[in-house]
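The block underneath contains the structure these notes are about, expressed in structure tokens.
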Amino acid sequence: MKRLIAAIGFITFLPIGRKTVYDPVGMIPFFPVVGLLLGAILAGIDAAAGLFWEIPVASLIDVAALVLLTGALHLDGLGDTADGLFGHHDRPRALAIMKDSRVGAMGLVAVVLGLTLKWAGIWGLDSHRSLCLLLVPTYARGAMIFAIRFLEYGRPEGGTGHPLFSAPLPAASFAGMLLPVAASFFAGALAIRLNLAFVIFTAAVILFYRRRIGCVTGDMLGAMVEATEVFLFLVLAAGGGR
């Protein structure tokens, strides 16, 4: 339970995770569980908002809720990563740019596009809407486990994500991914689309990171979460979720 609470405190802004022992490696397997908690809250917010507003407004409230629930942590990573990676910078320069607290033009564009596309994706959900809202944040947090396992950390001198890489991840660290995979089959044929999209996109992001600068940072993990959410919501919304 302490490791779960540590994971909640690390990647969300929920008050339950504020006072606990920090256990970096031990909390990694619980990332999908935290995503499931966020998804459950999001699905509840969406259902409540739907009682008062039409889908476009409810979807915007969903996007705002995700930002608030995570303290904009992943959005900050998205902006920093876009500034560092989408330019003609070598590895040292890209890492230095990502460490800078200032947000450049590319980062601002990435954040605005990310939020807009996520809103569009959630708006387009029709079939199994609540289940999709439950699962996508779960898959997105689970994606970080794969990046931690298959990439080296880019700041050996230290950084927010450095403790997560202090020991090799055992195969058991991926056990939490069984939760969203099993739950996805309640969506019928959408499960195939969702799981295939997750595998392809996660592999693509890891390959891009490896080829671009050969490592990953805390900011890049956050960017991966945001990008995975956007991509999966858009995939699920295609054809109204049919």
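Labels used: A, B, ... for chains in the order of the structure tokens, numbers from 1 for residues in each chain, and numbers from 1 for ligands as shown.
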
Can you list, as a PyMOL selection string, every protein, DNA or RNA residue that comes within 12 Å of Ala47 of chain A when you count only C-alpha atoms, leaving out same-chain residues fewer than 6 positions away?
chain A and resi 40-41+53-55+58-59+61-62+129-131+133-134

For C-alpha atoms, I'd like the residues from the last selection saved as a PDB file, in the first residue's frame.
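Heads up, here's the output in part_6.pdb:
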ATOM      1  CA  ALA A  40     -12.206   6.207 -12.675  1.00  0.00           C
ATOM      2  CA  ILE A  41     -12.310   9.783 -11.392  1.00  0.00           C
ATOM      3  CA  TRP A  53     -23.851  20.040 -20.478  1.00  0.00           C
ATOM      4  CA  GLU A  54     -23.559  18.661 -23.990  1.00  0.00           C
ATOM      5  CA  ILE A  55     -20.628  16.424 -24.967  1.00  0.00           C
ATOM      6  CA  ALA A  58     -18.264  17.851 -20.821  1.00  0.00           C
ATOM      7  CA  SER A  59     -15.193  16.850 -22.839  1.00  0.00           C
ATOM      8  CA  ILE A  61     -14.218  19.672 -18.413  1.00  0.00           C
ATOM      9  CA  ASP A  62     -12.602  16.226 -18.702  1.00  0.00           C
ATOM     10  CA  ARG A 129     -17.301   6.265 -23.616  1.00  0.00           C
ATOM     11  CA  SER A 130     -16.943   5.713 -19.855  1.00  0.00           C
ATOM     12  CA  LEU A 131     -14.775   2.628 -20.338  1.00  0.00           C
ATOM     13  CA  LEU A 133     -12.117   7.347 -20.215  1.00  0.00           C
ATOM     14  CA  LEU A 134     -11.244   4.765 -17.584  1.00  0.00           C
TER      15      LEU A 134
END

Based on the backbone DSSP call, show me all residues of segment 84-208 of chain A assigned helix (DSSP H, G or I), as a compact mmCIF listing (two decimals) with N, CA and C atoms, in the first residue's frame.
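That gives us part-v3.txt:
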# COMPACT_ATOMS: atom_id res chain seq x y z
N GLY A 84 13.15 20.79 -26.53
CA GLY A 84 14.46 20.18 -26.61
C GLY A 84 14.68 19.28 -27.81
N LEU A 85 13.66 18.53 -28.18
CA LEU A 85 13.85 17.50 -29.20
C LEU A 85 13.50 17.96 -30.61
N ARG A 91 22.62 16.09 -28.32
CA ARG A 91 22.12 15.59 -27.04
C ARG A 91 22.39 16.54 -25.87
N PRO A 92 23.61 17.03 -25.67
CA PRO A 92 23.84 17.95 -24.54
C PRO A 92 22.97 19.20 -24.59
N ARG A 93 22.83 19.78 -25.78
CA ARG A 93 22.04 20.99 -25.91
C ARG A 93 20.56 20.71 -25.67
N ALA A 94 20.07 19.57 -26.21
CA ALA A 94 18.66 19.21 -26.03
C ALA A 94 18.36 19.00 -24.55
N LEU A 95 19.26 18.34 -23.83
CA LEU A 95 19.05 18.11 -22.40
C LEU A 95 19.08 19.41 -21.62
N ALA A 96 19.96 20.33 -22.03
CA ALA A 96 20.04 21.63 -21.37
C ALA A 96 18.76 22.43 -21.58
N ILE A 97 18.22 22.39 -22.79
CA ILE A 97 16.98 23.12 -23.10
C ILE A 97 15.82 22.56 -22.28
N MET A 98 15.74 21.23 -22.18
CA MET A 98 14.65 20.62 -21.41
C MET A 98 14.74 20.96 -19.93
N LYS A 99 15.94 21.21 -19.44
CA LYS A 99 16.12 21.53 -18.02
C LYS A 99 15.73 22.98 -17.73
N ALA A 105 8.68 28.55 -28.06
CA ALA A 105 7.56 28.53 -29.02
C ALA A 105 7.12 27.10 -29.33
N MET A 106 8.07 26.20 -29.53
CA MET A 106 7.74 24.82 -29.87
C MET A 106 7.01 24.14 -28.71
N GLY A 107 7.45 24.43 -27.50
CA GLY A 107 6.78 23.86 -26.33
C GLY A 107 5.37 24.36 -26.18
N LEU A 108 5.17 25.65 -26.41
CA LEU A 108 3.83 26.23 -26.32
C LEU A 108 2.90 25.62 -27.36
N VAL A 109 3.40 25.48 -28.58
CA VAL A 109 2.60 24.87 -29.64
C VAL A 109 2.23 23.44 -29.28
N ALA A 110 3.19 22.68 -28.74
CA ALA A 110 2.95 21.28 -28.38
C ALA A 110 1.87 21.16 -27.31
N VAL A 111 1.92 22.03 -26.30
CA VAL A 111 0.93 21.98 -25.22
C VAL A 111 -0.46 22.34 -25.75
N VAL A 112 -0.55 23.40 -26.54
CA VAL A 112 -1.85 23.81 -27.09
C VAL A 112 -2.42 22.73 -27.99
N LEU A 113 -1.59 22.18 -28.87
CA LEU A 113 -2.06 21.13 -29.76
C LEU A 113 -2.45 19.88 -28.97
N GLY A 114 -1.65 19.54 -27.97
CA GLY A 114 -1.95 18.37 -27.16
C GLY A 114 -3.30 18.48 -26.46
N LEU A 115 -3.56 19.61 -25.84
CA LEU A 115 -4.83 19.81 -25.15
C LEU A 115 -6.00 19.83 -26.13
N THR A 116 -5.80 20.49 -27.27
CA THR A 116 -6.87 20.59 -28.27
C THR A 116 -7.21 19.22 -28.85
N LEU A 117 -6.19 18.45 -29.21
CA LEU A 117 -6.43 17.13 -29.78
C LEU A 117 -7.02 16.17 -28.76
N LYS A 118 -6.62 16.32 -27.51
CA LYS A 118 -7.19 15.46 -26.47
C LYS A 118 -8.69 15.78 -26.30
N TRP A 119 -9.01 17.05 -26.32
CA TRP A 119 -10.41 17.45 -26.24
C TRP A 119 -11.20 16.89 -27.42
N ALA A 120 -10.62 16.99 -28.61
CA ALA A 120 -11.30 16.47 -29.80
C ALA A 120 -11.50 14.96 -29.70
N GLY A 121 -10.48 14.27 -29.19
CA GLY A 121 -10.59 12.83 -29.06
C GLY A 121 -11.65 12.41 -28.07
N ILE A 122 -11.69 13.07 -26.93
CA ILE A 122 -12.71 12.75 -25.92
C ILE A 122 -14.10 13.11 -26.43
N TRP A 123 -14.20 14.23 -27.11
CA TRP A 123 -15.47 14.65 -27.70
C TRP A 123 -15.99 13.59 -28.67
N ARG A 129 -17.96 5.02 -24.00
CA ARG A 129 -17.30 6.26 -23.62
C ARG A 129 -16.69 6.18 -22.22
N SER A 130 -17.45 5.76 -21.23
CA SER A 130 -16.94 5.71 -19.86
C SER A 130 -15.77 4.75 -19.73
N LEU A 131 -15.86 3.61 -20.40
CA LEU A 131 -14.77 2.63 -20.34
C LEU A 131 -13.50 3.18 -20.97
N CYS A 132 -13.65 3.90 -22.06
CA CYS A 132 -12.48 4.50 -22.71
C CYS A 132 -11.83 5.55 -21.80
N LEU A 133 -12.64 6.35 -21.15
CA LEU A 133 -12.12 7.35 -20.21
C LEU A 133 -11.42 6.69 -19.04
N LEU A 134 -11.87 5.52 -18.66
CA LEU A 134 -11.24 4.76 -17.58
C LEU A 134 -9.90 4.20 -18.01
N LEU A 135 -9.83 3.68 -19.23
CA LEU A 135 -8.66 2.91 -19.66
C LEU A 135 -7.51 3.75 -20.20
N VAL A 136 -7.80 4.79 -20.94
CA VAL A 136 -6.73 5.54 -21.60
C VAL A 136 -5.70 6.10 -20.60
N PRO A 137 -6.12 6.74 -19.50
CA PRO A 137 -5.11 7.19 -18.54
C PRO A 137 -4.30 6.04 -17.95
N THR A 138 -4.89 4.86 -17.88
CA THR A 138 -4.20 3.69 -17.35
C THR A 138 -3.10 3.26 -18.30
N TYR A 139 -3.43 3.12 -19.57
CA TYR A 139 -2.43 2.76 -20.57
C TYR A 139 -1.31 3.81 -20.64
N ALA A 140 -1.68 5.09 -20.57
CA ALA A 140 -0.70 6.16 -20.69
C ALA A 140 0.33 6.11 -19.57
N ARG A 141 -0.12 5.84 -18.34
CA ARG A 141 0.85 5.73 -17.23
C ARG A 141 1.67 4.46 -17.33
N GLY A 142 1.06 3.40 -17.87
CA GLY A 142 1.79 2.17 -18.06
C GLY A 142 2.89 2.31 -19.10
N ALA A 143 2.72 3.21 -20.05
CA ALA A 143 3.73 3.41 -21.09
C ALA A 143 5.07 3.81 -20.50
N MET A 144 5.04 4.53 -19.37
CA MET A 144 6.30 4.95 -18.75
C MET A 144 7.15 3.76 -18.32
N ILE A 145 6.52 2.66 -17.92
CA ILE A 145 7.27 1.49 -17.48
C ILE A 145 8.13 0.96 -18.61
N PHE A 146 7.60 0.95 -19.82
CA PHE A 146 8.35 0.45 -20.96
C PHE A 146 9.53 1.36 -21.28
N ALA A 147 9.33 2.67 -21.18
CA ALA A 147 10.42 3.60 -21.43
C ALA A 147 11.51 3.45 -20.38
N ILE A 148 11.13 3.28 -19.13
CA ILE A 148 12.11 3.09 -18.06
C ILE A 148 12.90 1.79 -18.27
N ARG A 149 12.22 0.79 -18.76
CA ARG A 149 12.87 -0.52 -18.95
C ARG A 149 13.82 -0.52 -20.15
N PHE A 150 13.46 0.15 -21.23
CA PHE A 150 14.22 0.00 -22.47
C PHE A 150 15.09 1.20 -22.85
N HIS A 162 15.63 10.43 -12.11
CA HIS A 162 16.82 9.60 -11.90
C HIS A 162 16.61 8.42 -10.97
N PRO A 163 15.94 8.59 -9.82
CA PRO A 163 15.77 7.45 -8.91
C PRO A 163 14.99 6.28 -9.52
N LEU A 164 14.18 6.54 -10.54
CA LEU A 164 13.41 5.47 -11.17
C LEU A 164 14.31 4.49 -11.92
N PHE A 165 15.53 4.90 -12.20
CA PHE A 165 16.45 4.09 -12.99
C PHE A 165 17.57 3.51 -12.13
N ALA A 171 10.58 -8.47 -14.63
CA ALA A 171 9.40 -8.69 -15.47
C ALA A 171 8.12 -8.42 -14.70
N ALA A 172 8.15 -8.66 -13.39
CA ALA A 172 6.96 -8.46 -12.56
C ALA A 172 6.51 -7.01 -12.54
N SER A 173 7.38 -6.09 -12.92
CA SER A 173 7.03 -4.67 -12.92
C SER A 173 5.92 -4.35 -13.92
N PHE A 174 5.73 -5.24 -14.90
CA PHE A 174 4.72 -5.02 -15.93
C PHE A 174 3.38 -5.66 -15.58
N ALA A 175 3.29 -6.28 -14.41
CA ALA A 175 2.06 -7.01 -14.04
C ALA A 175 0.85 -6.09 -14.00
N GLY A 176 1.05 -4.83 -13.63
CA GLY A 176 -0.07 -3.89 -13.55
C GLY A 176 -0.75 -3.66 -14.88
N MET A 177 -0.04 -3.92 -15.98
CA MET A 177 -0.64 -3.72 -17.30
C MET A 177 -1.71 -4.76 -17.60
N LEU A 178 -1.76 -5.81 -16.81
CA LEU A 178 -2.82 -6.81 -17.00
C LEU A 178 -4.19 -6.21 -16.70
N LEU A 179 -4.23 -5.21 -15.83
CA LEU A 179 -5.51 -4.57 -15.46
C LEU A 179 -6.19 -3.93 -16.67
N PRO A 180 -5.53 -2.98 -17.35
CA PRO A 180 -6.21 -2.37 -18.50
C PRO A 180 -6.44 -3.34 -19.65
N VAL A 181 -5.50 -4.26 -19.86
CA VAL A 181 -5.67 -5.21 -20.96
C VAL A 181 -6.91 -6.07 -20.73
N ALA A 182 -7.06 -6.58 -19.50
CA ALA A 182 -8.23 -7.41 -19.19
C ALA A 182 -9.52 -6.60 -19.29
N ALA A 183 -9.49 -5.37 -18.73
CA ALA A 183 -10.70 -4.53 -18.76
C ALA A 183 -11.06 -4.09 -20.17
N SER A 184 -10.07 -3.98 -21.04
CA SER A 184 -10.34 -3.50 -22.39
C SER A 184 -11.28 -4.41 -23.17
N PHE A 185 -11.31 -5.68 -22.83
CA PHE A 185 -12.14 -6.62 -23.59
C PHE A 185 -13.63 -6.44 -23.33
N PHE A 186 -13.98 -5.62 -22.33
CA PHE A 186 -15.38 -5.25 -22.14
C PHE A 186 -15.83 -4.28 -23.24
N ALA A 187 -14.87 -3.74 -23.98
CA ALA A 187 -15.20 -2.82 -25.08
C ALA A 187 -15.39 -3.57 -26.39
N LEU A 190 -13.36 -2.89 -29.95
CA LEU A 190 -12.49 -1.75 -29.69
C LEU A 190 -11.22 -2.16 -28.96
N ALA A 191 -11.28 -3.29 -28.23
CA ALA A 191 -10.12 -3.75 -27.46
C ALA A 191 -8.93 -4.01 -28.38
N ILE A 192 -9.19 -4.60 -29.54
CA ILE A 192 -8.11 -4.89 -30.48
C ILE A 192 -7.47 -3.59 -30.95
N ARG A 193 -8.31 -2.62 -31.32
CA ARG A 193 -7.80 -1.33 -31.77
C ARG A 193 -6.99 -0.65 -30.68
N LEU A 194 -7.50 -0.67 -29.46
CA LEU A 194 -6.83 0.00 -28.35
C LEU A 194 -5.47 -0.62 -28.04
N ASN A 195 -5.43 -1.93 -27.90
CA ASN A 195 -4.17 -2.59 -27.53
C ASN A 195 -3.14 -2.53 -28.64
N LEU A 196 -3.59 -2.66 -29.87
CA LEU A 196 -2.66 -2.56 -31.00
C LEU A 196 -2.10 -1.15 -31.10
N ALA A 197 -2.96 -0.16 -30.93
CA ALA A 197 -2.51 1.24 -30.98
C ALA A 197 -1.51 1.53 -29.87
N PHE A 198 -1.76 0.99 -28.69
CA PHE A 198 -0.85 1.21 -27.56
C PHE A 198 0.52 0.61 -27.84
N VAL A 199 0.56 -0.61 -28.32
CA VAL A 199 1.83 -1.29 -28.59
C VAL A 199 2.62 -0.53 -29.66
N ILE A 200 1.95 -0.16 -30.73
CA ILE A 200 2.63 0.52 -31.84
C ILE A 200 3.13 1.89 -31.40
N PHE A 201 2.29 2.65 -30.71
CA PHE A 201 2.69 4.01 -30.33
C PHE A 201 3.79 4.00 -29.28
N THR A 202 3.69 3.12 -28.30
CA THR A 202 4.73 3.04 -27.27
C THR A 202 6.07 2.68 -27.88
N ALA A 203 6.07 1.70 -28.78
CA ALA A 203 7.31 1.31 -29.45
C ALA A 203 7.86 2.45 -30.29
N ALA A 204 6.97 3.20 -30.96
CA ALA A 204 7.40 4.32 -31.81
C ALA A 204 8.05 5.43 -30.99
N VAL A 205 7.46 5.74 -29.84
CA VAL A 205 8.02 6.80 -28.99
C VAL A 205 9.38 6.39 -28.45
N ILE A 206 9.50 5.15 -27.99
CA ILE A 206 10.78 4.66 -27.46
C ILE A 206 11.84 4.68 -28.56
N LEU A 207 11.46 4.26 -29.76
CA LEU A 207 12.40 4.27 -30.87
C LEU A 207 12.81 5.69 -31.23
N PHE A 208 11.84 6.61 -31.21
CA PHE A 208 12.15 8.01 -31.50
C PHE A 208 13.11 8.57 -30.47

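Minimum atom-to-atom distances from A:Ile8, A:Leu75, A:Leu38, A:Val57 to Val230 of chain A were compared using only C-alpha atoms, and the lowest value belongs to A:Leu75.
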
Distance atom CA of Phe31 of chain A-atom CA of Met220 of chain A, one decimal place?
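Atom CA of Met220 of chain A lies 15.8 Å from atom CA of Phe31 of chain A.
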
Go through A:Arg212, A:Val25, A:Phe52, A:Gly44 and flag the residue nearest His89 of chain A, using only C-alpha atoms for the distances.
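Among the listed residues, the smallest separation from His89 of chain A belongs to A:Arg212.
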
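Interatomic distance, atom CA of Arg102 of chain A against atom CA of Thr217 of chain A: 16.9 Å.
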
Kindly give the distance, in Å, that separates atom CA of Gly222 of chain A and atom CA of Ile11 of chain A, rounded to a single decimal.
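Pair atom CA of Gly222 of chain A / atom CA of Ile11 of chain A returns 9.1 Å.
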
When you look at Arg3 of chain A with a cut-off of 7 Å (counting only C-alpha atoms), what residues show up, excluding the ones that are within fewer than 4 positions of it in the same chain? I need them as an NGL selection string.
:A and (7 or 23 or 26-27)

Export of the given selection (C-alpha atoms) as a PDB file, in the first residue's frame:
ATOM      1  CA  ALA A   7       3.095   6.338  -6.901  1.00  0.00           C
ATOM      2  CA  ASP A  23      10.109   4.491  -2.958  1.00  0.00           C
ATOM      3  CA  GLY A  26       9.041   0.030  -5.843  1.00  0.00           C
ATOM      4  CA  MET A  27       6.285   2.346  -7.019  1.00  0.00           C
TER       5      MET A  27
END

Residue with smallest distance to Leu221 of chain A - pool A:Leu151, A:Ala167, A:Ala48, A:Ile16, counting only C-alpha atoms:
A:Leu151

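Using only C-alpha atoms, the nearest neighbour of Leu236 of chain A within the list A:Gly188, A:Ser127, A:Pro29, A:Gly161 is A:Ser127.
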